[in-house]
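S.K.: See query_39.cif below, with mmCIF, C-alpha atoms (C1' of nucleotides).
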```cif
data_start
loop_
_atom_site.label_atom_id
_atom_site.label_comp_id
_atom_site.auth_asym_id
_atom_site.auth_seq_id
_atom_site.Cartn_x
_atom_site.Cartn_y
_atom_site.Cartn_z
CA MET A 1 -76.56 8.20 -1.24
CA ASN A 2 -78.19 9.26 2.05
CA VAL A 3 -79.85 5.88 2.52
CA PRO A 4 -77.50 3.35 4.13
CA LEU A 5 -77.27 -0.19 2.82
CA PRO A 6 -79.09 -2.35 5.41
CA ARG A 7 -77.44 -5.05 7.43
CA SER A 8 -79.21 -7.71 5.37
CA PHE A 9 -77.15 -6.54 2.38
CA TYR A 10 -74.07 -8.07 4.03
CA GLU A 11 -75.62 -11.39 5.01
CA PRO A 12 -74.75 -13.29 1.80
CA THR A 13 -71.24 -14.60 1.17
CA ALA A 14 -68.50 -12.11 0.37
CA ARG A 15 -68.38 -13.54 -3.16
CA LEU A 16 -71.84 -12.11 -3.74
CA VAL A 17 -71.51 -8.94 -1.68
CA ALA A 18 -68.22 -7.78 -3.24
CA PRO A 19 -69.60 -7.11 -6.74
CA ARG A 20 -72.85 -5.72 -5.35
CA LEU A 21 -70.98 -3.03 -3.41
CA LEU A 22 -69.60 -1.53 -6.61
CA GLY A 23 -71.24 1.78 -7.43
CA HIS A 24 -72.41 2.46 -3.89
CA PHE A 25 -70.79 5.18 -1.78
CA LEU A 26 -68.32 4.95 1.07
CA LEU A 27 -68.91 8.00 3.25
CA ARG A 28 -66.96 9.56 6.07
CA ASN A 29 -68.22 12.26 8.38
CA THR A 30 -66.23 13.48 11.37
CA THR A 31 -65.79 16.75 13.19
CA GLN A 32 -62.67 17.19 11.09
CA GLY A 33 -64.63 17.06 7.86
CA SER A 34 -66.18 14.71 5.40
CA GLY A 35 -65.07 12.63 2.48
CA GLY A 36 -66.01 9.73 0.33
CA GLY A 37 -66.71 8.46 -3.11
CA ALA A 38 -68.00 5.66 -5.25
CA ILE A 39 -66.73 2.15 -4.54
CA VAL A 40 -65.08 1.00 -7.76
CA GLU A 41 -62.92 -1.97 -6.72
CA THR A 42 -63.44 -4.71 -4.12
CA GLU A 43 -62.08 -8.13 -3.23
CA ALA A 44 -63.87 -10.98 -1.52
CA TYR A 45 -62.28 -13.02 1.27
CA LEU A 46 -64.30 -16.09 2.03
CA ALA A 47 -64.93 -18.16 5.14
CA ASP A 48 -62.99 -21.10 3.73
CA ASP A 49 -60.24 -19.20 1.96
CA PRO A 50 -56.50 -19.72 2.52
CA ALA A 51 -55.88 -16.08 1.59
CA SER A 52 -58.18 -14.77 4.30
CA HIS A 53 -57.03 -13.59 7.70
CA GLY A 54 -59.87 -15.64 9.10
CA TYR A 55 -58.70 -18.93 7.63
CA ALA A 56 -56.84 -20.18 10.71
CA GLY A 57 -59.71 -19.38 13.04
CA GLN A 58 -60.72 -16.48 15.22
CA THR A 59 -57.98 -14.42 16.87
CA GLU A 60 -57.79 -11.04 18.54
CA ARG A 61 -56.88 -9.38 15.24
CA ASN A 62 -59.64 -10.82 13.06
CA ARG A 63 -62.40 -10.77 15.69
CA SER A 64 -64.58 -8.32 13.79
CA MET A 65 -64.56 -10.55 10.69
CA TYR A 66 -66.38 -13.09 12.80
CA GLY A 67 -68.82 -10.55 14.21
CA PRO A 68 -72.17 -9.51 12.78
CA PRO A 69 -72.32 -8.47 9.11
CA GLY A 70 -71.95 -4.84 8.14
CA ARG A 71 -69.15 -4.04 10.57
CA ALA A 72 -65.66 -2.76 9.77
CA TYR A 73 -62.67 -5.07 9.94
CA VAL A 74 -59.53 -2.91 9.92
CA TYR A 75 -56.06 -4.45 9.85
CA PHE A 76 -52.55 -3.02 9.80
CA ILE A 77 -50.13 -4.33 7.20
CA TYR A 78 -46.48 -3.99 6.17
CA GLY A 79 -45.83 -1.82 9.20
CA ASN A 80 -47.34 1.09 7.31
CA HIS A 81 -50.88 0.80 6.09
CA TYR A 82 -54.41 0.26 7.32
CA CYS A 83 -56.94 -1.54 5.17
CA LEU A 84 -60.73 -1.46 5.47
CA ASN A 85 -63.08 -4.41 5.06
CA VAL A 86 -66.73 -4.98 5.79
CA SER A 87 -67.70 -8.25 7.44
CA CYS A 88 -70.19 -10.50 5.70
CA GLU A 89 -72.27 -13.53 6.59
CA ARG A 90 -73.75 -14.32 9.96
CA GLU A 91 -72.00 -13.81 13.26
CA GLY A 92 -69.51 -16.60 13.89
CA LYS A 93 -68.55 -16.98 10.23
CA ALA A 94 -65.48 -15.32 8.76
CA GLY A 95 -65.92 -13.59 5.44
CA CYS A 96 -65.40 -10.02 4.38
CA VAL A 97 -64.95 -7.63 1.48
CA LEU A 98 -61.82 -5.51 1.13
CA PHE A 99 -62.37 -1.99 -0.20
CA ARG A 100 -59.62 -1.43 -2.74
CA ALA A 101 -60.47 1.80 -4.54
CA LEU A 102 -62.82 4.77 -4.55
CA GLU A 103 -63.62 7.27 -7.21
CA PRO A 104 -63.27 10.40 -5.05
CA LEU A 105 -66.40 12.53 -5.20
CA LEU A 106 -66.90 14.19 -1.80
CA GLY A 107 -64.55 16.14 0.43
CA LEU A 108 -61.65 16.22 -1.99
CA GLU A 109 -59.92 18.84 0.16
CA GLU A 110 -60.20 16.75 3.31
CA MET A 111 -59.07 13.59 1.58
CA SER A 112 -56.03 15.20 -0.03
CA HIS A 113 -55.11 16.67 3.33
CA ALA A 114 -55.43 13.25 4.96
CA ARG A 115 -53.22 11.82 2.23
CA GLY A 116 -50.67 14.55 2.63
CA MET A 117 -50.87 15.61 -0.97
CA VAL A 118 -52.21 18.46 -3.05
CA VAL A 119 -54.57 17.83 -5.94
CA GLN A 120 -53.97 20.37 -8.66
CA ALA A 121 -54.97 18.62 -11.83
CA PRO A 122 -57.55 15.90 -12.52
CA ARG A 123 -54.71 13.52 -13.18
CA ASP A 124 -53.77 13.68 -9.48
CA LEU A 125 -57.16 12.35 -8.37
CA PRO A 126 -56.41 8.64 -8.80
CA LYS A 127 -53.62 8.92 -6.23
CA LEU A 128 -56.22 9.82 -3.59
CA ALA A 129 -57.95 6.50 -2.99
CA SER A 130 -56.75 3.92 -5.53
CA GLY A 131 -55.42 1.02 -3.49
CA PRO A 132 -56.54 -0.20 -0.05
CA GLY A 133 -53.84 1.66 1.88
CA ARG A 134 -54.48 4.93 0.10
CA LEU A 135 -58.23 4.57 0.46
CA ALA A 136 -57.97 4.01 4.20
CA GLN A 137 -55.63 6.95 4.60
CA ALA A 138 -57.90 9.20 2.53
CA VAL A 139 -60.84 8.64 4.87
CA ALA A 140 -58.65 8.62 7.99
CA ILE A 141 -59.15 4.98 8.94
CA THR A 142 -57.19 3.55 11.84
CA ARG A 143 -57.60 0.28 13.60
CA ALA A 144 -57.88 1.96 16.97
CA SER A 145 -60.69 4.27 15.90
CA ASP A 146 -62.58 2.23 13.32
CA ASN A 147 -62.22 -1.51 13.79
CA GLY A 148 -65.65 -2.94 14.53
CA ARG A 149 -67.51 0.21 13.52
CA ASP A 150 -71.05 -0.28 12.22
CA LEU A 151 -71.05 0.65 8.55
CA THR A 152 -74.85 0.49 8.26
CA SER A 153 -75.50 3.61 10.32
CA PRO A 154 -74.83 7.21 9.20
CA ARG A 155 -74.48 8.08 12.87
CA SER A 156 -71.29 6.04 13.05
CA GLY A 157 -69.53 8.57 10.82
CA LEU A 158 -68.30 5.82 8.50
CA TRP A 159 -70.96 4.12 6.46
CA ILE A 160 -72.05 2.95 3.04
CA GLY A 161 -74.81 4.77 1.21
CA THR A 162 -77.00 3.41 -1.54
CA ASP A 163 -76.27 4.78 -4.98
CA ASP A 164 -76.29 3.75 -8.59
CA PHE A 165 -72.98 4.88 -9.90
CA ARG A 166 -72.73 1.60 -11.75
CA ALA A 167 -72.94 2.86 -15.30
CA LYS A 168 -71.21 -0.02 -17.02
CA GLY A 169 -70.52 -3.63 -16.26
CA ILE A 170 -68.48 -5.44 -13.65
CA VAL A 171 -65.18 -7.16 -14.42
CA LEU A 172 -63.88 -10.15 -12.47
CA THR A 173 -60.11 -10.54 -12.01
CA LEU A 174 -57.52 -12.21 -9.82
CA ARG A 175 -56.89 -10.74 -6.39
CA ILE A 176 -53.84 -8.55 -5.85
CA GLY A 177 -50.87 -8.99 -3.56
CA ILE A 178 -51.66 -12.40 -2.13
CA THR A 179 -49.65 -15.61 -2.27
CA LYS A 180 -52.19 -18.15 -1.04
CA ALA A 181 -55.16 -19.07 -3.26
CA ALA A 182 -53.76 -16.59 -5.77
CA ASP A 183 -55.55 -18.34 -8.63
CA GLN A 184 -59.01 -17.52 -7.29
CA PRO A 185 -60.76 -14.74 -9.21
CA LEU A 186 -62.42 -12.75 -6.46
CA ARG A 187 -61.58 -9.17 -7.35
CA TYR A 188 -64.33 -7.03 -8.80
CA ILE A 189 -63.93 -3.73 -10.62
CA LEU A 190 -66.25 -1.31 -12.36
CA GLN A 191 -65.62 -1.71 -16.05
CA GLY A 192 -63.67 1.14 -17.59
CA ASN A 193 -63.31 3.10 -14.36
CA ASN A 194 -60.20 5.28 -14.11
CA PHE A 195 -59.67 4.94 -10.36
CA ILE A 196 -58.77 1.27 -10.17
CA SER A 197 -55.56 0.26 -8.39
CA GLY A 198 -52.70 -1.57 -10.05
CA ARG A 199 -51.79 -1.88 -13.67
CA LYS A 200 -52.74 -5.24 -14.99
CA ASN A 201 -56.46 -5.74 -14.68
CA VAL A 202 -56.74 -8.93 -16.61
CA SER A 203 -60.29 -10.14 -16.90
CA VAL A 204 -60.92 -13.77 -16.03
"C1'" DA B 1 -43.05 2.32 -19.82
"C1'" DT B 2 -42.19 -1.64 -16.37
"C1'" DA B 3 -39.24 -3.61 -12.60
"C1'" DT B 4 -37.22 -3.84 -8.24
"C1'" DC B 5 -36.59 -2.50 -3.53
"C1'" DG B 6 -36.84 -0.53 1.25
"C1'" DA B 7 -39.81 0.95 4.95
"C1'" DT B 8 -41.73 -0.68 9.44
"C1'" DT B 9 -44.52 -3.39 12.95
"C1'" DA B 10 -48.47 -6.45 14.46
"C1'" DT B 11 -49.24 -11.02 14.26
"C1'" DC B 12 -48.49 -15.75 14.17
"C1'" DT B 13 -45.14 -19.99 14.09
"C1'" DG C 1 -37.82 -14.98 13.60
"C1'" DA C 2 -40.49 -14.64 9.26
"C1'" DT C 3 -44.07 -12.81 7.03
"C1'" DA C 4 -47.56 -9.61 5.12
"C1'" DA C 5 -54.79 -8.41 1.44
"C1'" DT C 6 -49.01 -1.97 0.30
"C1'" DC C 7 -46.89 2.25 -1.17
"C1'" DG C 8 -43.60 5.38 -3.03
"C1'" DA C 9 -39.13 6.03 -4.64
"C1'" DT C 10 -35.55 4.79 -7.61
"C1'" DA C 11 -33.49 2.35 -11.44
"C1'" DT C 12 -33.54 0.79 -16.12
"C1'" DG C 13 -35.30 0.40 -21.29
#
```
Could you write out this file's structure as structure tokens?
M.R.:
Amino acid sequence: MNVPLPRSFYEPTARLVAPRLLGHFLLRNTTQGSGGGAIVETEAYLADDPASHGYAGQTERNRSMYGPPGRAYVYFIYGNHYCLNVSCEREGKAGCVLFRALEPLLGLEEMSHARGMVVQAPRDLPKLASGPGRLAQAVAITRASDNGRDLTSPRSGLWIGTDDFRAKGIVLTLRIGITKAADQPLRYILQGNNFISGRKNVSV
DNA sequence: ATATCGATTATCT
DNA sequence: GATAATCGATATG
């Protein structure tokens, strides 16, 4: 958990990186506090993918998707939420993995504070970081502060640490909330994990 | 238990 | 001007 995943980890296509990220740790360290947990749900957005923000070519918004692998791509959606991705593939190619859910394991106090909620019982824990908007809020992600951040360096305060939380298998399902290329199974979840977003997790 | 709906704004057409 | 990789609240069985 204290060893970051190297940049080379993010060089393959998002289709390969997304399942491989499961079981590793997303970690946040700031002067305000720390937080994080095991990555239990991801989605791949590919270079040639109608559902991807990079599909129509590079713009100001999606610039960090096209940058070097291992960097954060943060976007703002529905006028309310930030979502965190990590860019994959070589510089110049779009492709990224969306972090959709964490099993909260570190800094529960800080994360509940960031979410504006109080965790009293274990059954409240899934509300902390299940879903991309919740996850981003739990670790205090904003586009202004985190877009383009290097996720391969602990010094950046937002990074991904090697771990083997992957007790069981990986399940492949359809992606959530998209309208284009909605039939593509590119969502990956840790089998049997209780911190997955959504209800229907139909295996494909 | 599942279904529907409103919020709220950056981005692109 | 329409839309969106979402969430939380409210309504209904």
S.K.: Can you build me a table of chain A residues sitting at most 9 Å from chain C, with the closest atom pair per residue and its distance in Å to one decimal, using all atoms listed in the file, sorted by chain and residue number, as a Markdown table?
M.R.:
```
| residue | atom | partner | partner_atom | distance |
| --- | --- | --- | --- | --- |
| A:Glu43 | CA | C:DA5 | C1' | 8.7 |
| A:Tyr45 | CA | C:DA5 | C1' | 8.8 |
| A:Ala51 | CA | C:DA5 | C1' | 7.7 |
| A:Ser52 | CA | C:DA5 | C1' | 7.8 |
| A:His53 | CA | C:DA5 | C1' | 8.4 |
| A:Ile77 | CA | C:DA4 | C1' | 6.2 |
| A:Tyr78 | CA | C:DA4 | C1' | 5.8 |
| A:Gly79 | CA | C:DA4 | C1' | 9.0 |
| A:Asn80 | CA | C:DT6 | C1' | 7.8 |
| A:His81 | CA | C:DT6 | C1' | 6.7 |
| A:Cys83 | CA | C:DA5 | C1' | 8.1 |
| A:Leu98 | CA | C:DA5 | C1' | 7.6 |
| A:Gly131 | CA | C:DT6 | C1' | 8.0 |
| A:Pro132 | CA | C:DT6 | C1' | 7.7 |
| A:Gly133 | CA | C:DT6 | C1' | 6.2 |
| A:Arg134 | CA | C:DC7 | C1' | 8.1 |
| A:Arg175 | CA | C:DA5 | C1' | 8.4 |
| A:Ile176 | CA | C:DA5 | C1' | 7.4 |
| A:Gly177 | CA | C:DA5 | C1' | 6.4 |
| A:Ile178 | CA | C:DA5 | C1' | 6.2 |
```
S.K.: For a cut-off of 10 Å around (-64.2, -8.2, -6.3), file coordinates, pick out all residues using only C-alpha atoms (C1' of nucleotides) and list them as an NGL selection string.
M.R.: :A and (14-22 or 40-45 or 97-100 or 170-175 or 185-190)
S.K.: Write out, as an mmCIF file, in the coordinates of the input, the residues just selected, with C-alpha atoms.
M.R.:
```cif
data_model
loop_
_atom_site.group_PDB
_atom_site.id
_atom_site.type_symbol
_atom_site.label_atom_id
_atom_site.label_comp_id
_atom_site.auth_asym_id
_atom_site.auth_seq_id
_atom_site.Cartn_x
_atom_site.Cartn_y
_atom_site.Cartn_z
ATOM 1 C CA ALA A 14 -68.500 -12.110 0.370
ATOM 2 C CA ARG A 15 -68.380 -13.540 -3.160
ATOM 3 C CA LEU A 16 -71.840 -12.110 -3.740
ATOM 4 C CA VAL A 17 -71.510 -8.940 -1.680
ATOM 5 C CA ALA A 18 -68.220 -7.780 -3.240
ATOM 6 C CA PRO A 19 -69.600 -7.110 -6.740
ATOM 7 C CA ARG A 20 -72.850 -5.720 -5.350
ATOM 8 C CA LEU A 21 -70.980 -3.030 -3.410
ATOM 9 C CA LEU A 22 -69.600 -1.530 -6.610
ATOM 10 C CA VAL A 40 -65.080 1.000 -7.760
ATOM 11 C CA GLU A 41 -62.920 -1.970 -6.720
ATOM 12 C CA THR A 42 -63.440 -4.710 -4.120
ATOM 13 C CA GLU A 43 -62.080 -8.130 -3.230
ATOM 14 C CA ALA A 44 -63.870 -10.980 -1.520
ATOM 15 C CA TYR A 45 -62.280 -13.020 1.270
ATOM 16 C CA VAL A 97 -64.950 -7.630 1.480
ATOM 17 C CA LEU A 98 -61.820 -5.510 1.130
ATOM 18 C CA PHE A 99 -62.370 -1.990 -0.200
ATOM 19 C CA ARG A 100 -59.620 -1.430 -2.740
ATOM 20 C CA ILE A 170 -68.480 -5.440 -13.650
ATOM 21 C CA VAL A 171 -65.180 -7.160 -14.420
ATOM 22 C CA LEU A 172 -63.880 -10.150 -12.470
ATOM 23 C CA THR A 173 -60.110 -10.540 -12.010
ATOM 24 C CA LEU A 174 -57.520 -12.210 -9.820
ATOM 25 C CA ARG A 175 -56.890 -10.740 -6.390
ATOM 26 C CA PRO A 185 -60.760 -14.740 -9.210
ATOM 27 C CA LEU A 186 -62.420 -12.750 -6.460
ATOM 28 C CA ARG A 187 -61.580 -9.170 -7.350
ATOM 29 C CA TYR A 188 -64.330 -7.030 -8.800
ATOM 30 C CA ILE A 189 -63.930 -3.730 -10.620
ATOM 31 C CA LEU A 190 -66.250 -1.310 -12.360
#
```
S.K.: Point out the residue among A:Thr59, A:Ser8, A:Ser197, A:Asn2 with the least atom-to-atom distance to chain B, counting all atoms listed in the file.
M.R.: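 Among the listed residues, the smallest separation from chain B belongs to A:Thr59.
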S.K.: State, in Å with one decimal place, the distance from atom CA of Ser156 of chain A to atom CA of Arg71 of chain A.
M.R.: 10.6 Å
S.K.: One number please: atom CA of Ser34 of chain A to atom CA of Leu106 of chain A, in Å, one decimal.
M.R.: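 Result for atom CA of Ser34 of chain A versus atom CA of Leu106 of chain A: 7.3 Å, one decimal.
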S.K.: A:Phe25, A:Tyr10, A:Tyr82, A:Phe195: which is nearest Asn147 of chain A, counting all atoms listed in the file?
M.R.: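 Closest candidate: A:Tyr82.
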S.K.: What does the structure give for the distance between atom CA of Leu26 of chain A and atom CA of Leu102 of chain A, in Å to one decimal?
M.R.: 7.9 Å
S.K.: Taking all atoms listed in the file into account, which residues of chain B are within 9 Å of chain A, as a PDB file with C-alpha atoms (C1' of nucleotides), in the frame of the given file?
M.R.:
```pdb
ATOM      1  C1'  DA B   7     -39.810   0.950   4.950  1.00  0.00           C
ATOM      2  C1'  DT B   8     -41.730  -0.680   9.440  1.00  0.00           C
ATOM      3  C1'  DT B   9     -44.520  -3.390  12.950  1.00  0.00           C
ATOM      4  C1'  DA B  10     -48.470  -6.450  14.460  1.00  0.00           C
ATOM      5  C1'  DT B  11     -49.240 -11.020  14.260  1.00  0.00           C
TER       6       DT B  11
END
```
S.K.: Excluding Tyr55 of chain A and its own-chain neighbours fewer than 3 positions away, which residues fall within 12 Å of it when counting only C-alpha atoms (C1' of nucleotides)? Please give them as a PyMOL selection string.
M.R.: chain A and resi 45-52+58-59+62+65-66+93-96+180-181
S.K.: Using only the atoms of segment 140-156 of chain A listed in the file, plus 3 Å on each side, state the axis-aligned box centre and edge lengths in Å rounded to one decimal, as JSON.
M.R.:
```
{"center_x": -66.3, "center_y": 2.8, "center_z": 12.5, "size_x": 24.3, "size_y": 17.6, "size_z": 15.0}
```
S.K.: If you apply the PyMOL selection byres ((chain A and resi 28) around 8) to this file, what residues do you get, as a list in words?
M.R.: Leu26, Leu27, Asn29, Thr30, Ser34, Gly35, Gly36, Val139, Gly157, Leu158 and Trp159 of chain A
S.K.: Find the residues near Val3 of chain A: any atom within 12 Å, counting all atoms listed in the file, skip ones fewer than 6 places away on the same chain, and give them as an NGL selection string.
M.R.: :A and (24-27 or 151-155 or 159-164)
S.K.: Output as a PDB file, keeping the file's coordinate frame: segment 110-134 of chain A, completed with N, CA and C atoms.
M.R.:
```pdb
ATOM      1  N   GLU A 110     -60.484  17.508   2.095  1.00  0.00           N
ATOM      2  CA  GLU A 110     -60.200  16.750   3.310  1.00  0.00           C
ATOM      3  C   GLU A 110     -59.383  15.500   2.994  1.00  0.00           C
ATOM      4  N   MET A 111     -59.759  14.829   1.907  1.00  0.00           N
ATOM      5  CA  MET A 111     -59.070  13.590   1.580  1.00  0.00           C
ATOM      6  C   MET A 111     -57.630  13.852   1.125  1.00  0.00           C
ATOM      7  N   SER A 112     -57.421  14.903   0.370  1.00  0.00           N
ATOM      8  CA  SER A 112     -56.030  15.200  -0.030  1.00  0.00           C
ATOM      9  C   SER A 112     -55.209  15.581   1.187  1.00  0.00           C
ATOM     10  N   HIS A 113     -55.828  16.312   2.105  1.00  0.00           N
ATOM     11  CA  HIS A 113     -55.110  16.670   3.330  1.00  0.00           C
ATOM     12  C   HIS A 113     -54.731  15.404   4.097  1.00  0.00           C
ATOM     13  N   ALA A 114     -55.687  14.489   4.235  1.00  0.00           N
ATOM     14  CA  ALA A 114     -55.430  13.250   4.960  1.00  0.00           C
ATOM     15  C   ALA A 114     -54.333  12.432   4.285  1.00  0.00           C
ATOM     16  N   ARG A 115     -54.231  12.554   2.979  1.00  0.00           N
ATOM     17  CA  ARG A 115     -53.220  11.820   2.230  1.00  0.00           C
ATOM     18  C   ARG A 115     -51.889  12.549   2.174  1.00  0.00           C
ATOM     19  N   GLY A 116     -51.893  13.779   2.652  1.00  0.00           N
ATOM     20  CA  GLY A 116     -50.670  14.550   2.630  1.00  0.00           C
ATOM     21  C   GLY A 116     -50.226  14.934   1.243  1.00  0.00           C
ATOM     22  N   MET A 117     -51.199  15.219   0.402  1.00  0.00           N
ATOM     23  CA  MET A 117     -50.870  15.610  -0.970  1.00  0.00           C
ATOM     24  C   MET A 117     -51.795  16.736  -1.422  1.00  0.00           C
ATOM     25  N   VAL A 118     -51.409  17.378  -2.494  1.00  0.00           N
ATOM     26  CA  VAL A 118     -52.210  18.460  -3.050  1.00  0.00           C
ATOM     27  C   VAL A 118     -52.707  18.035  -4.425  1.00  0.00           C
ATOM     28  N   VAL A 119     -54.007  18.162  -4.628  1.00  0.00           N
ATOM     29  CA  VAL A 119     -54.570  17.830  -5.940  1.00  0.00           C
ATOM     30  C   VAL A 119     -54.695  19.111  -6.754  1.00  0.00           C
ATOM     31  N   GLN A 120     -53.928  19.184  -7.808  1.00  0.00           N
ATOM     32  CA  GLN A 120     -53.970  20.370  -8.660  1.00  0.00           C
ATOM     33  C   GLN A 120     -54.700  20.084  -9.962  1.00  0.00           C
ATOM     34  N   ALA A 121     -54.351  18.967 -10.560  1.00  0.00           N
ATOM     35  CA  ALA A 121     -54.970  18.620 -11.830  1.00  0.00           C
ATOM     36  C   ALA A 121     -55.791  17.348 -11.674  1.00  0.00           C
ATOM     37  N   PRO A 122     -56.742  17.134 -12.559  1.00  0.00           N
ATOM     38  CA  PRO A 122     -57.550  15.900 -12.520  1.00  0.00           C
ATOM     39  C   PRO A 122     -56.695  14.648 -12.522  1.00  0.00           C
ATOM     40  N   ARG A 123     -55.524  14.735 -13.109  1.00  0.00           N
ATOM     41  CA  ARG A 123     -54.710  13.520 -13.180  1.00  0.00           C
ATOM     42  C   ARG A 123     -54.135  13.136 -11.810  1.00  0.00           C
ATOM     43  N   ASP A 124     -54.228  14.017 -10.824  1.00  0.00           N
ATOM     44  CA  ASP A 124     -53.770  13.680  -9.480  1.00  0.00           C
ATOM     45  C   ASP A 124     -54.822  12.898  -8.692  1.00  0.00           C
ATOM     46  N   LEU A 125     -56.066  12.957  -9.129  1.00  0.00           N
ATOM     47  CA  LEU A 125     -57.160  12.350  -8.370  1.00  0.00           C
ATOM     48  C   LEU A 125     -56.994  10.854  -8.104  1.00  0.00           C
ATOM     49  N   PRO A 126     -56.525  10.072  -9.070  1.00  0.00           N
ATOM     50  CA  PRO A 126     -56.410   8.640  -8.800  1.00  0.00           C
ATOM     51  C   PRO A 126     -55.449   8.304  -7.665  1.00  0.00           C
ATOM     52  N   LYS A 127     -54.550   9.198  -7.321  1.00  0.00           N
ATOM     53  CA  LYS A 127     -53.620   8.920  -6.230  1.00  0.00           C
ATOM     54  C   LYS A 127     -54.288   9.038  -4.860  1.00  0.00           C
ATOM     55  N   LEU A 128     -55.505   9.567  -4.847  1.00  0.00           N
ATOM     56  CA  LEU A 128     -56.220   9.820  -3.590  1.00  0.00           C
ATOM     57  C   LEU A 128     -56.686   8.536  -2.907  1.00  0.00           C
ATOM     58  N   ALA A 129     -57.323   7.661  -3.645  1.00  0.00           N
ATOM     59  CA  ALA A 129     -57.950   6.500  -2.990  1.00  0.00           C
ATOM     60  C   ALA A 129     -57.923   5.262  -3.868  1.00  0.00           C
ATOM     61  N   SER A 130     -56.889   5.111  -4.700  1.00  0.00           N
ATOM     62  CA  SER A 130     -56.750   3.920  -5.530  1.00  0.00           C
ATOM     63  C   SER A 130     -55.754   2.971  -4.892  1.00  0.00           C
ATOM     64  N   GLY A 131     -56.250   1.940  -4.260  1.00  0.00           N
ATOM     65  CA  GLY A 131     -55.420   1.020  -3.490  1.00  0.00           C
ATOM     66  C   GLY A 131     -55.932   1.042  -2.047  1.00  0.00           C
ATOM     67  N   PRO A 132     -55.931  -0.111  -1.387  1.00  0.00           N
ATOM     68  CA  PRO A 132     -56.540  -0.200  -0.050  1.00  0.00           C
ATOM     69  C   PRO A 132     -55.863   0.683   0.989  1.00  0.00           C
ATOM     70  N   GLY A 133     -54.541   0.828   0.920  1.00  0.00           N
ATOM     71  CA  GLY A 133     -53.840   1.660   1.880  1.00  0.00           C
ATOM     72  C   GLY A 133     -54.151   3.133   1.672  1.00  0.00           C
ATOM     73  N   ARG A 134     -54.162   3.537   0.430  1.00  0.00           N
ATOM     74  CA  ARG A 134     -54.480   4.930   0.100  1.00  0.00           C
ATOM     75  C   ARG A 134     -55.915   5.263   0.478  1.00  0.00           C
TER      76      ARG A 134
END
```
